[in-house]
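Novice: File input_5.cif below, mmCIF, C-alpha atoms and all ligand atoms:
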```cif
data_input
loop_
_atom_site.label_atom_id
_atom_site.label_comp_id
_atom_site.auth_asym_id
_atom_site.auth_seq_id
_atom_site.Cartn_x
_atom_site.Cartn_y
_atom_site.Cartn_z
CA MET A 1 0.00 0.00 0.00
CA ILE A 2 1.13 3.56 -0.70
CA VAL A 3 -0.22 6.66 1.05
CA LEU A 4 -0.23 9.97 -0.80
CA GLN A 5 -0.91 13.38 0.72
CA PRO A 6 -1.45 16.22 -1.73
CA SER A 7 -2.46 19.68 -0.49
CA TRP A 8 -5.92 19.27 -2.03
CA ILE A 9 -7.97 16.36 -3.36
CA TRP A 10 -11.04 16.87 -5.53
CA THR A 11 -13.10 13.94 -4.21
CA SER A 12 -16.61 12.89 -5.17
CA ARG A 13 -17.72 14.79 -2.05
CA GLY A 14 -15.93 18.02 -2.86
CA LEU A 15 -12.51 19.55 -2.30
CA GLN A 16 -10.59 18.27 0.76
CA THR A 17 -7.46 19.85 2.23
CA ASP A 18 -4.45 17.78 3.34
CA TRP A 19 -6.34 14.49 3.14
CA CYS A 20 -4.51 11.22 2.60
CA VAL A 21 -5.34 8.79 -0.16
CA SER A 22 -4.22 5.17 0.20
CA VAL A 23 -3.72 3.01 -2.87
CA GLU A 24 -3.35 -0.76 -3.06
CA ASP A 25 -3.65 -3.25 -5.94
CA GLY A 26 -4.67 -0.51 -8.34
CA ARG A 27 -7.55 0.80 -6.24
CA ILE A 28 -8.19 3.51 -3.67
CA VAL A 29 -8.49 1.76 -0.32
CA GLY A 30 -8.50 4.76 2.01
CA LEU A 31 -9.44 8.44 1.91
CA ASN A 32 -8.94 10.17 5.23
CA PRO A 33 -8.62 13.56 6.86
CA PRO A 34 -5.08 14.18 8.13
CA THR A 35 -4.23 12.56 11.46
CA ARG A 36 -1.01 12.39 13.41
CA HIS A 37 -0.86 8.62 12.82
CA CYS A 38 -1.08 8.86 9.05
CA GLN A 39 2.12 7.26 7.61
CA VAL A 40 2.57 9.24 4.44
CA ASP A 41 4.80 7.74 1.72
CA GLN A 42 4.65 10.68 -0.65
CA LYS A 43 3.85 14.24 0.41
CA LEU A 44 2.73 16.35 -2.54
CA PRO A 45 2.78 19.99 -1.40
CA GLY A 46 0.97 22.50 -3.58
CA ARG A 47 -0.61 19.76 -5.68
CA LEU A 48 -4.30 19.44 -6.49
CA MET A 49 -5.13 15.77 -7.02
CA MET A 50 -8.07 14.87 -9.24
CA PRO A 51 -9.30 11.81 -11.10
CA GLY A 52 -7.28 11.27 -14.28
CA PHE A 53 -8.57 13.10 -17.34
CA VAL A 54 -10.30 10.97 -19.97
CA ASN A 55 -9.72 11.58 -23.66
CA ALA A 56 -12.95 10.21 -25.09
CA HIS A 57 -12.15 10.75 -28.78
CA SER A 58 -8.74 10.28 -30.35
CA HIS A 59 -7.22 9.30 -33.68
CA ALA A 60 -3.69 8.75 -32.44
CA PHE A 61 -2.03 8.37 -35.86
CA GLN A 62 -3.11 11.92 -36.79
CA ARG A 63 -0.36 13.15 -34.46
CA ALA A 64 1.88 12.39 -37.48
CA PHE A 65 0.76 15.45 -39.42
CA ARG A 66 0.45 18.02 -36.66
CA GLY A 67 1.80 21.30 -37.99
CA PHE A 68 1.93 20.09 -41.59
CA VAL A 69 -1.83 20.20 -41.89
CA GLN A 70 -1.84 23.72 -40.45
CA ARG A 71 0.52 24.91 -43.22
CA THR A 72 -1.55 26.36 -45.98
CA ASP A 73 -1.66 28.53 -49.08
CA GLY A 74 -4.96 29.86 -47.79
CA GLY A 75 -8.46 28.43 -48.00
CA GLY A 76 -9.26 24.82 -47.27
CA ASP A 77 -11.99 23.21 -45.21
CA PHE A 78 -12.87 19.92 -43.53
CA TRP A 79 -12.91 18.14 -46.89
CA SER A 80 -9.45 19.34 -48.00
CA TRP A 81 -8.12 18.37 -44.54
CA ARG A 82 -9.67 14.92 -44.99
CA LYS A 83 -7.74 14.50 -48.24
CA GLN A 84 -4.44 15.29 -46.48
CA MET A 85 -5.39 12.93 -43.66
CA THR A 86 -5.95 9.98 -46.01
CA THR A 87 -2.54 10.60 -47.62
CA VAL A 88 -0.81 10.28 -44.26
CA ALA A 89 -3.00 7.35 -43.23
CA ASN A 90 -1.79 5.41 -46.28
CA ARG A 91 1.90 6.15 -45.82
CA LEU A 92 2.24 4.74 -42.32
CA SER A 93 3.59 1.22 -41.83
CA PRO A 94 2.38 -0.95 -38.91
CA GLU A 95 5.60 -0.01 -37.05
CA GLY A 96 4.97 3.65 -37.88
CA ILE A 97 1.40 3.46 -36.60
CA GLU A 98 2.60 1.94 -33.33
CA ALA A 99 5.39 4.51 -32.93
CA VAL A 100 3.27 7.57 -33.66
CA SER A 101 0.37 6.24 -31.54
CA GLN A 102 2.77 5.79 -28.66
CA LEU A 103 4.04 9.34 -29.11
CA ALA A 104 0.46 10.63 -28.89
CA PHE A 105 -0.27 8.42 -25.86
CA LEU A 106 2.91 9.61 -24.14
CA GLU A 107 1.82 13.20 -24.67
CA MET A 108 -1.63 12.34 -23.28
CA LEU A 109 -0.20 10.87 -20.08
CA GLU A 110 2.12 13.83 -19.57
CA ALA A 111 -0.90 16.12 -20.05
CA GLY A 112 -2.83 14.29 -17.30
CA PHE A 113 -5.01 11.90 -19.31
CA THR A 114 -5.18 8.38 -17.88
CA HIS A 115 -7.63 6.77 -20.34
CA VAL A 116 -8.16 7.22 -24.08
CA GLY A 117 -10.99 6.21 -26.41
CA GLU A 118 -9.14 5.45 -29.63
CA PHE A 119 -11.49 5.67 -32.63
CA HIS A 120 -9.53 3.24 -34.71
CA TYR A 121 -10.14 3.01 -38.45
CA LEU A 122 -6.82 1.90 -39.97
CA HIS A 123 -7.44 -1.81 -40.46
CA HIS A 124 -5.71 -3.14 -43.58
CA GLN A 125 -2.80 -2.68 -45.94
CA PRO A 126 -3.10 0.45 -48.09
CA ASP A 127 -4.53 -1.57 -51.02
CA GLY A 128 -7.25 -2.98 -48.76
CA SER A 129 -5.84 -6.48 -48.47
CA PRO A 130 -5.71 -7.86 -44.94
CA TYR A 131 -2.51 -8.37 -42.98
CA ALA A 132 -1.61 -11.95 -42.06
CA ASP A 133 -3.13 -11.08 -38.71
CA PRO A 134 -6.31 -9.20 -39.73
CA ASP A 135 -6.15 -7.16 -36.51
CA GLU A 136 -2.47 -6.27 -36.88
CA LEU A 137 -3.00 -2.51 -36.69
CA ALA A 138 -5.46 -2.67 -33.77
CA ARG A 139 -2.94 -4.77 -31.89
CA ARG A 140 -0.23 -2.21 -32.68
CA VAL A 141 -2.36 0.51 -31.09
CA ILE A 142 -3.09 -1.70 -28.07
CA SER A 143 0.60 -2.45 -27.69
CA ALA A 144 1.43 1.29 -27.92
CA ALA A 145 -0.99 2.09 -25.07
CA GLN A 146 0.09 -0.81 -22.88
CA GLY A 147 3.75 0.01 -23.46
CA VAL A 148 3.30 3.55 -22.18
CA GLY A 149 0.82 2.66 -19.41
CA LEU A 150 -2.31 4.46 -20.65
CA LYS A 151 -5.76 2.84 -20.35
CA LEU A 152 -7.29 2.27 -23.75
CA THR A 153 -10.78 1.71 -25.05
CA LEU A 154 -10.26 0.64 -28.64
CA LEU A 155 -13.35 1.76 -30.54
CA ARG A 156 -13.19 -0.51 -33.56
CA VAL A 157 -14.53 1.46 -36.51
CA ALA A 158 -16.96 0.15 -39.11
CA TYR A 159 -16.40 1.90 -42.45
CA GLU A 160 -18.36 0.78 -45.50
CA ARG A 161 -18.34 3.47 -48.20
CA ASN A 162 -17.17 6.97 -49.08
CA ALA A 163 -20.69 8.44 -49.09
CA PRO A 164 -24.24 7.35 -49.96
CA GLY A 165 -24.13 5.63 -53.35
CA ASP A 166 -20.36 6.04 -53.55
CA PRO A 167 -18.09 3.11 -52.66
CA LEU A 168 -14.74 3.43 -50.92
CA SER A 169 -12.21 5.34 -53.00
CA SER A 170 -8.76 3.87 -53.64
CA VAL A 171 -7.32 5.87 -50.71
CA GLN A 172 -9.96 4.58 -48.29
CA LEU A 173 -9.46 0.85 -48.86
CA ARG A 174 -7.35 0.67 -45.72
CA PHE A 175 -10.35 1.73 -43.59
CA GLY A 176 -13.06 -0.47 -45.11
CA ASP A 177 -14.78 -3.70 -44.23
CA LYS A 178 -16.56 -5.96 -46.68
CA SER A 179 -19.59 -6.68 -44.50
CA PRO A 180 -20.99 -5.97 -41.03
CA GLU A 181 -20.23 -9.61 -40.22
CA ASP A 182 -16.53 -8.85 -40.77
CA VAL A 183 -16.79 -6.01 -38.24
CA LEU A 184 -18.53 -8.24 -35.70
CA ALA A 185 -15.90 -10.95 -36.19
CA ALA A 186 -13.10 -8.41 -35.62
CA LEU A 187 -14.82 -7.20 -32.45
CA GLU A 188 -15.02 -10.76 -31.15
CA ARG A 189 -11.34 -11.39 -31.86
CA LEU A 190 -10.31 -8.10 -30.24
CA LYS A 191 -12.37 -8.77 -27.14
CA ALA A 192 -9.94 -11.59 -26.48
CA CYS A 193 -7.29 -8.83 -26.00
CA SER A 194 -9.31 -6.99 -23.36
CA GLY A 195 -8.11 -6.80 -19.77
CA ASP A 196 -4.86 -5.25 -18.56
CA GLY A 197 -6.15 -1.71 -19.13
CA VAL A 198 -7.78 -2.46 -22.48
CA THR A 199 -11.49 -2.58 -23.37
CA ILE A 200 -13.17 -2.82 -26.77
CA GLY A 201 -16.10 -0.85 -28.18
CA LEU A 202 -17.78 -0.27 -31.53
CA ALA A 203 -17.61 2.86 -33.68
CA PRO A 204 -19.76 3.07 -36.80
CA HIS A 205 -17.69 5.86 -38.40
CA SER A 206 -20.63 8.09 -39.38
CA VAL A 207 -23.94 7.71 -41.22
CA ARG A 208 -22.20 9.11 -44.28
CA THR A 209 -19.88 6.10 -44.42
CA VAL A 210 -22.14 3.37 -42.97
CA SER A 211 -25.54 2.44 -44.42
CA ARG A 212 -28.76 1.74 -42.53
CA SER A 213 -28.57 -2.02 -43.08
CA TRP A 214 -25.03 -2.14 -41.63
CA LEU A 215 -26.10 -0.03 -38.63
CA GLN A 216 -28.95 -2.42 -37.95
CA ALA A 217 -26.68 -5.45 -38.26
CA LEU A 218 -24.24 -3.94 -35.75
CA SER A 219 -26.79 -2.83 -33.17
CA GLY A 220 -26.69 -5.98 -31.04
CA VAL A 221 -23.09 -5.62 -29.85
CA ASP A 222 -22.08 -5.34 -26.20
CA GLY A 223 -20.08 -2.39 -24.92
CA VAL A 224 -19.96 1.28 -25.75
CA VAL A 225 -20.84 2.70 -29.16
CA HIS A 226 -19.37 5.94 -30.48
CA SER A 227 -20.03 7.63 -33.81
CA HIS A 228 -19.24 10.96 -35.49
CA VAL A 229 -22.64 12.69 -35.60
CA SER A 230 -23.58 15.86 -37.51
CA GLU A 231 -20.04 17.20 -37.67
CA GLN A 232 -20.68 18.93 -40.98
CA PRO A 233 -23.86 20.36 -42.57
CA MET A 234 -23.13 18.32 -45.72
CA GLU A 235 -23.43 15.11 -43.66
CA ASN A 236 -26.89 16.20 -42.47
CA GLU A 237 -28.02 17.04 -45.99
CA ALA A 238 -26.85 13.69 -47.38
CA CYS A 239 -28.64 11.83 -44.58
CA GLN A 240 -31.86 13.79 -45.09
CA GLN A 241 -31.67 12.97 -48.77
CA GLU A 242 -30.93 9.27 -48.31
CA HIS A 243 -33.11 8.52 -45.29
CA GLY A 244 -35.38 11.53 -44.73
CA CYS A 245 -34.16 12.02 -41.16
CA SER A 246 -31.24 13.33 -39.11
CA PRO A 247 -28.09 11.24 -38.58
CA LEU A 248 -28.92 10.83 -34.88
CA ARG A 249 -32.48 9.66 -35.65
CA LEU A 250 -31.09 7.11 -38.12
CA LEU A 251 -28.64 5.76 -35.52
CA HIS A 252 -31.43 5.65 -32.95
CA ASP A 253 -33.88 3.83 -35.22
CA ALA A 254 -31.17 1.28 -35.99
CA GLY A 255 -31.02 0.53 -32.25
CA LEU A 256 -27.71 2.19 -31.42
CA VAL A 257 -28.62 5.22 -29.28
CA ASP A 258 -28.95 4.49 -25.57
CA GLN A 259 -26.84 4.97 -22.41
CA ARG A 260 -23.85 3.32 -24.08
CA PHE A 261 -23.88 5.80 -26.96
CA CYS A 262 -21.66 8.82 -27.41
CA ALA A 263 -22.26 11.29 -30.26
CA VAL A 264 -18.90 12.76 -31.28
CA HIS A 265 -18.96 16.47 -32.30
CA PHE A 266 -22.74 17.01 -32.72
CA THR A 267 -21.77 20.43 -34.05
CA HIS A 268 -24.84 20.77 -36.25
CA PRO A 269 -27.70 18.94 -34.48
CA LEU A 270 -31.06 18.96 -36.22
CA GLN A 271 -34.49 19.57 -34.75
CA GLY A 272 -35.45 16.99 -32.15
CA ASP A 273 -31.94 15.58 -31.83
CA ARG A 274 -31.17 17.20 -28.49
CA ASP A 275 -34.30 15.82 -26.83
CA LEU A 276 -33.71 12.39 -28.33
CA LEU A 277 -30.16 12.22 -27.06
CA LYS A 278 -31.23 13.43 -23.62
CA ARG A 279 -34.13 10.98 -23.40
CA GLN A 280 -31.84 8.08 -24.27
CA GLY A 281 -29.23 9.04 -21.64
CA ALA A 282 -26.49 9.26 -24.27
CA ARG A 283 -23.53 11.67 -24.20
CA VAL A 284 -21.76 14.13 -26.48
CA CYS A 285 -18.01 14.20 -26.96
CA VAL A 286 -16.90 17.72 -27.87
CA CYS A 287 -13.44 18.19 -29.39
CA PRO A 288 -13.07 21.98 -29.22
CA SER A 289 -9.48 22.37 -30.44
CA THR A 290 -10.05 20.12 -33.47
CA GLU A 291 -13.46 21.58 -34.26
CA LEU A 292 -11.88 25.03 -34.38
CA ASP A 293 -8.93 23.77 -36.43
CA LEU A 294 -11.22 22.14 -38.99
CA GLY A 295 -13.71 24.99 -39.10
CA ASP A 296 -16.49 22.60 -38.06
CA GLY A 297 -18.31 25.19 -35.96
CA PHE A 298 -19.45 25.11 -32.34
CA LEU A 299 -21.79 22.89 -30.37
CA PRO A 300 -24.86 25.14 -29.91
CA VAL A 301 -25.49 26.71 -26.49
CA ALA A 302 -28.67 24.75 -25.65
CA GLU A 303 -26.86 21.44 -26.29
CA ARG A 304 -23.98 22.58 -24.06
CA LYS A 305 -26.36 23.39 -21.23
CA GLU A 306 -28.64 20.39 -21.40
CA LEU A 307 -26.55 17.42 -22.47
CA THR A 308 -23.86 15.41 -20.70
CA LEU A 309 -20.53 16.45 -22.23
CA CYS A 310 -17.10 14.90 -22.34
CA VAL A 311 -14.02 15.94 -24.35
CA GLY A 312 -11.54 14.52 -26.86
CA SER A 313 -8.29 15.60 -28.51
CA ASP A 314 -9.47 14.06 -31.81
CA SER A 315 -6.98 15.11 -34.54
CA GLN A 316 -4.20 15.91 -31.99
CA THR A 317 -3.87 19.54 -33.10
CA LEU A 318 -2.96 19.87 -29.45
CA ILE A 319 -3.21 17.51 -26.49
CA ASP A 320 -4.29 19.48 -23.44
CA PRO A 321 -7.34 18.58 -21.33
CA PHE A 322 -7.36 21.99 -19.60
CA ILE A 323 -7.82 23.83 -22.90
CA GLU A 324 -10.56 21.44 -24.02
CA ILE A 325 -12.62 21.62 -20.81
CA ARG A 326 -12.56 25.38 -20.43
CA SER A 327 -13.53 25.75 -24.08
CA LEU A 328 -16.84 24.05 -23.24
CA GLU A 329 -17.69 27.18 -21.26
CA ASN A 330 -15.70 29.80 -23.16
CA HIS A 331 -17.03 28.90 -26.61
CA GLY A 332 -20.52 28.91 -25.08
CA ARG A 333 -19.88 32.45 -23.82
CA ALA A 334 -18.77 33.58 -27.26
CA LEU A 335 -21.93 32.12 -28.78
CA ALA A 336 -24.34 33.36 -26.10
CA GLY A 337 -22.76 36.76 -25.42
CA GLN A 338 -22.97 36.17 -21.68
CA ARG A 339 -20.96 34.74 -18.78
CA HIS A 340 -21.40 31.47 -16.85
CA VAL A 341 -23.24 29.69 -19.63
CA LEU A 342 -23.03 26.30 -17.93
CA GLY A 343 -24.34 27.72 -14.65
CA ALA A 344 -23.51 27.02 -11.00
CA GLY A 345 -20.47 25.04 -9.86
CA LEU A 346 -18.68 25.83 -13.10
CA ALA A 347 -15.19 24.55 -12.23
CA GLU A 348 -16.64 21.27 -10.89
CA GLN A 349 -18.84 20.87 -13.97
CA LEU A 350 -15.89 21.34 -16.32
CA LEU A 351 -13.68 18.96 -14.33
CA LYS A 352 -16.50 16.44 -14.39
CA ALA A 353 -16.72 16.73 -18.18
CA GLY A 354 -12.98 16.10 -18.45
CA THR A 355 -12.96 13.16 -16.07
CA LEU A 356 -16.09 11.34 -14.88
CA ASN A 357 -18.27 11.95 -17.95
CA GLY A 358 -15.50 10.72 -20.24
CA SER A 359 -15.00 7.68 -18.09
CA ALA A 360 -18.71 6.85 -18.28
CA ALA A 361 -18.64 7.40 -22.07
CA LEU A 362 -15.91 4.75 -22.29
CA GLY A 363 -17.91 2.33 -20.16
CA ALA A 364 -15.56 2.58 -17.17
CA GLY A 365 -18.01 3.97 -14.63
CA ALA A 366 -17.73 7.40 -13.06
CA GLN A 367 -16.66 7.08 -9.48
CA GLY A 368 -14.06 9.80 -9.08
CA ILE A 369 -11.78 9.76 -6.06
CA GLU A 370 -13.43 7.56 -3.46
CA VAL A 371 -12.75 4.28 -1.69
CA GLY A 372 -13.14 1.37 -4.07
CA ALA A 373 -12.50 3.36 -7.25
CA GLN A 374 -9.60 2.62 -9.59
CA ALA A 375 -6.58 4.72 -8.66
CA ASP A 376 -6.37 6.81 -11.85
CA LEU A 377 -5.01 10.05 -10.41
CA THR A 378 -3.61 13.27 -11.82
CA CYS A 379 -1.82 15.98 -9.83
CA VAL A 380 -1.65 19.60 -10.92
CA ASP A 381 1.22 21.58 -9.39
CA LEU A 382 -0.16 24.91 -8.23
CA ARG A 383 3.14 26.22 -6.83
CA ARG A 384 3.60 29.06 -9.32
CA PRO A 385 2.86 32.77 -9.56
CA ALA A 386 0.01 32.19 -12.00
CA SER A 387 -1.99 30.34 -9.33
CA PHE A 388 -0.82 32.26 -6.28
CA GLU A 389 -3.86 33.07 -4.09
CA VAL A 390 -6.24 31.56 -6.68
CA PRO A 391 -8.78 28.99 -5.41
CA PRO A 392 -7.35 25.56 -6.39
CA LEU A 393 -10.19 24.27 -8.57
CA GLU A 394 -10.48 27.56 -10.45
CA ALA A 395 -6.70 27.67 -10.88
CA ALA A 396 -6.73 24.21 -12.46
CA VAL A 397 -9.71 24.85 -14.70
CA PHE A 398 -9.17 28.45 -15.81
CA SER A 399 -5.40 29.01 -15.65
CA ALA A 400 -3.60 25.67 -15.92
CA ASN A 401 -2.30 23.90 -18.99
CA ALA A 402 -0.80 20.49 -19.64
CA ASP A 403 2.63 21.64 -18.39
CA TRP A 404 1.24 22.02 -14.86
CA VAL A 405 0.69 18.26 -14.55
CA SER A 406 3.32 16.90 -12.18
CA GLU A 407 2.37 13.30 -11.24
CA VAL A 408 0.03 10.73 -12.76
CA TRP A 409 -0.99 7.25 -11.60
CA VAL A 410 -2.87 4.75 -13.77
CA ALA A 411 -4.49 1.88 -11.89
CA GLY A 412 -2.23 2.70 -8.94
CA LYS A 413 1.00 2.71 -10.93
CA GLN A 414 2.87 6.00 -11.09
CA VAL A 415 3.59 6.72 -14.76
CA ILE A 416 4.49 10.42 -14.61
CA VAL A 417 7.11 11.76 -12.21
CA ASP A 418 8.04 15.47 -12.16
CA GLY A 419 5.91 16.01 -15.25
CA GLN A 420 7.72 13.39 -17.34
CA HIS A 421 7.24 9.82 -18.44
CA PRO A 422 10.38 7.73 -17.88
CA GLY A 423 10.18 6.34 -21.43
CA ARG A 424 9.96 9.76 -23.07
CA GLU A 425 13.33 9.74 -24.83
CA ALA A 426 13.02 6.24 -26.27
CA ILE A 427 9.45 6.84 -27.45
CA CYS A 428 10.40 10.13 -29.12
CA ALA A 429 13.43 8.52 -30.80
CA ARG A 430 11.25 5.76 -32.21
CA ALA A 431 8.62 8.20 -33.42
CA GLU A 432 11.27 10.38 -35.03
CA GLN A 433 12.44 7.44 -37.09
CA ALA A 434 8.88 6.54 -38.10
CA LEU A 435 8.01 10.09 -39.07
CA ARG A 436 11.24 10.96 -40.88
CA GLY A 437 10.47 11.82 -44.48
CA LEU A 438 6.79 11.01 -44.12
CA LEU A 439 5.59 14.48 -45.02
CA HIS A 440 8.52 16.36 -46.51
ZN ZN B 501 -12.94 11.87 -35.11
#
```
Mind turning the file's structure into structure tokens?
Specialist:
Amino acid sequence: MIVLQPSWIWTSRGLQTDWCVSVEDGRIVGLNPPTRHCQVDQKLPGRLMMPGFVNAHSHAFQRAFRGFVQRTDGGGDFWSWRKQMTTVANRLSPEGIEAVSQLAFLEMLEAGFTHVGEFHYLHHQPDGSPYADPDELARRVISAAQGVGLKLTLLRVAYERNAPGDPLSSVQLRFGDKSPEDVLAALERLKACSGDGVTIGLAPHSVRTVSRSWLQALSGVDGVVHSHVSEQPMENEACQQEHGCSPLRLLHDAGLVDQRFCAVHFTHPLQGDRDLLKRQGARVCVCPSTELDLGDGFLPVAERKELTLCVGSDSQTLIDPFIEIRSLENHGRALAGQRHVLGAGLAEQLLKAGTLNGSAALGAGAQGIEVGAQADLTCVDLRRPASFEVPPLEAAVFSANADWVSEVWVAGKQVIVDGQHPGREAICARAEQALRGLLH
């Protein structure tokens, strides 16, 4: 057993000062006010301890083109970005995918994330033919996460076509499956890899790329279901034309929208969608930094206020949970022209979005810091002028950034010490080799 004593702990019953948290076999076994008899193993002065952040939507390989995709001659939109993305997706070898995924996962841990939902759609060789092991690339991503010590929910993507009436293009063959049965078979095989920090879920990519009959065939699966929903107006128009309803309604009628469901983006919801999502107890994953980078738009104010939100780093434009969570409020303010859009207990609400809501969206429960919960813990070091005399929760939510993260534990194992992962150099060296020449 190890006993930790940070200056503050954000527990499920509020902020506690100088309390001790005891960890054994990956779980929290004690949470106590300070006493003279408390044998502390690690004192953490000036630290605010909170549950680990959860990155509910990630495409790890997209870390490969950070910066390159921001270079431009002017113009461009989501669709021109998508073209650049498929180019990179087809150049990466299995080793390259593992190396760049591990680089992204390293950055996530150092930023305070302890669990990622990896929306994984690179399945085959670039010409569409399977690898000798048909799950080679999924296993590479799993190995990258396990190697660095990050919890992973691998959301195995189903990808059928380019668009309604338009089959996969030559650059999308790597993403595609031949039938929903192939997707279900892959899910079954991958479930054999679960355990040791890994769980498996399903991700129909979007209603643009997956037809109604496939959605229906996939609806009986166990585990969480995530899908890109109404990210772009063009997606809504195509769905209205093909099915006469919104993307969310189509997913619902196929049997996929319930408490296990998470709508990613939801930037352009249609009439009735908000109530439907709320009624079904499903969640929304907002990816503010990516949505701004791609020019997707903003989740509307009413959806922000009424739905259960979590966050994701998506295209890895940046990996910083503090920026993502405060954008949930700040973008709402810009849209509404007023302050405190999300209402009372703002700092707690935003921390909850970054931690507990994401955890629930990945099917891992939402306990927070309390006895019996998994010891996924992140410390923010508030010993700096920027947080001097600032209330701790508000300092973390409104001033901090990823560099303020000092210690991280995943399932009771300390993976970040003094803000760094011990494998940082080796992981960066491997990624450098994988990325060399990829985009120049
Ligand atoms: Zn995405």
Novice: Output as JSON lines one row per residue of chain A within 9 Å of ligand ZN 501 (chain B): the closest atom pair and its distance in Å to one decimal place, counting all atoms listed in the file, sorted by chain and residue number ascending.
Specialist:
```
{"residue": "A:His57", "atom": "CA", "partner": "B:ZN501", "partner_atom": "ZN", "distance": 6.5}
{"residue": "A:Ser58", "atom": "CA", "partner": "B:ZN501", "partner_atom": "ZN", "distance": 6.5}
{"residue": "A:His59", "atom": "CA", "partner": "B:ZN501", "partner_atom": "ZN", "distance": 6.4}
{"residue": "A:Phe119", "atom": "CA", "partner": "B:ZN501", "partner_atom": "ZN", "distance": 6.8}
{"residue": "A:His205", "atom": "CA", "partner": "B:ZN501", "partner_atom": "ZN", "distance": 8.3}
{"residue": "A:Ser227", "atom": "CA", "partner": "B:ZN501", "partner_atom": "ZN", "distance": 8.4}
{"residue": "A:His228", "atom": "CA", "partner": "B:ZN501", "partner_atom": "ZN", "distance": 6.4}
{"residue": "A:Val264", "atom": "CA", "partner": "B:ZN501", "partner_atom": "ZN", "distance": 7.1}
{"residue": "A:His265", "atom": "CA", "partner": "B:ZN501", "partner_atom": "ZN", "distance": 8.1}
{"residue": "A:Cys287", "atom": "CA", "partner": "B:ZN501", "partner_atom": "ZN", "distance": 8.5}
{"residue": "A:Thr290", "atom": "CA", "partner": "B:ZN501", "partner_atom": "ZN", "distance": 8.9}
{"residue": "A:Gly312", "atom": "CA", "partner": "B:ZN501", "partner_atom": "ZN", "distance": 8.8}
{"residue": "A:Ser313", "atom": "CA", "partner": "B:ZN501", "partner_atom": "ZN", "distance": 8.9}
{"residue": "A:Asp314", "atom": "CA", "partner": "B:ZN501", "partner_atom": "ZN", "distance": 5.3}
{"residue": "A:Ser315", "atom": "CA", "partner": "B:ZN501", "partner_atom": "ZN", "distance": 6.8}
```
Novice: Near range 427-429 of chain A, counting only C-alpha atoms, which residues have an atom at most 12 Å away, once you skip same-chain residues fewer than 3 positions from it, shown as a PDB file with C-alpha atoms, in the coordinates of the input?
Specialist:
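File result-v2.pdb, as written:
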```pdb
ATOM      1  CA  GLY A  96       4.970   3.650 -37.880  1.00  0.00           C
ATOM      2  CA  GLU A  98       2.600   1.940 -33.330  1.00  0.00           C
ATOM      3  CA  ALA A  99       5.390   4.510 -32.930  1.00  0.00           C
ATOM      4  CA  VAL A 100       3.270   7.570 -33.660  1.00  0.00           C
ATOM      5  CA  SER A 101       0.370   6.240 -31.540  1.00  0.00           C
ATOM      6  CA  GLN A 102       2.770   5.790 -28.660  1.00  0.00           C
ATOM      7  CA  LEU A 103       4.040   9.340 -29.110  1.00  0.00           C
ATOM      8  CA  ALA A 104       0.460  10.630 -28.890  1.00  0.00           C
ATOM      9  CA  PHE A 105      -0.270   8.420 -25.860  1.00  0.00           C
ATOM     10  CA  LEU A 106       2.910   9.610 -24.140  1.00  0.00           C
ATOM     11  CA  GLU A 107       1.820  13.200 -24.670  1.00  0.00           C
ATOM     12  CA  ALA A 144       1.430   1.290 -27.920  1.00  0.00           C
ATOM     13  CA  ALA A 145      -0.990   2.090 -25.070  1.00  0.00           C
ATOM     14  CA  GLY A 147       3.750   0.010 -23.460  1.00  0.00           C
ATOM     15  CA  VAL A 148       3.300   3.550 -22.180  1.00  0.00           C
ATOM     16  CA  HIS A 421       7.240   9.820 -18.440  1.00  0.00           C
ATOM     17  CA  PRO A 422      10.380   7.730 -17.880  1.00  0.00           C
ATOM     18  CA  GLY A 423      10.180   6.340 -21.430  1.00  0.00           C
ATOM     19  CA  ARG A 424       9.960   9.760 -23.070  1.00  0.00           C
ATOM     20  CA  GLU A 432      11.270  10.380 -35.030  1.00  0.00           C
ATOM     21  CA  GLN A 433      12.440   7.440 -37.090  1.00  0.00           C
ATOM     22  CA  ALA A 434       8.880   6.540 -38.100  1.00  0.00           C
ATOM     23  CA  LEU A 435       8.010  10.090 -39.070  1.00  0.00           C
ATOM     24  CA  ARG A 436      11.240  10.960 -40.880  1.00  0.00           C
TER      25      ARG A 436
END
```
Novice: Could you please determine the separation between CA of Lys43 in chain A and CA of Asp25 in chain A in Å, to one decimal place?
Specialist: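 We find that CA of Lys43 in chain A and CA of Asp25 in chain A lie 20.1 Å from each other.
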Novice: Could you produce a table of the residues of range 187-279 of chain A lying within 8 Å of range 350-365 of chain A, with the nearest pair of atoms per residue and their separation in Å rounded to one decimal, using all atoms listed in the file, ordered by chain and increasing residue number, as JSON lines?
Specialist:
```
{"residue": "A:Gly223", "atom": "CA", "partner": "A:Gly363", "partner_atom": "CA", "distance": 7.0}
{"residue": "A:Val224", "atom": "CA", "partner": "A:Gly363", "partner_atom": "CA", "distance": 6.0}
{"residue": "A:Arg260", "atom": "CA", "partner": "A:Ala361", "partner_atom": "CA", "distance": 6.9}
{"residue": "A:Phe261", "atom": "CA", "partner": "A:Ala361", "partner_atom": "CA", "distance": 7.3}
{"residue": "A:Cys262", "atom": "CA", "partner": "A:Ala361", "partner_atom": "CA", "distance": 6.3}
```
Novice: Just how far from CA of Pro247 in chain A is CA of Gln84 in chain A, in Å to one decimal?
Specialist: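 Separating CA of Gln84 in chain A from CA of Pro247 in chain A is a distance of 25.3 Å.
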Novice: Counting only C-alpha atoms, what is within 8 Å of range 253-259 of chain A, bar same-chain residues fewer than 3 positions away, as a list of chain:residue names?
Specialist: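 Answer for this query is A:Arg212, A:Leu215, A:Gln216, A:Ser219, A:Gly220, A:Val225, A:Leu248, A:Arg249, A:Leu250, A:Leu277, A:Gln280, A:Gly281, A:Ala282, A:Arg283.
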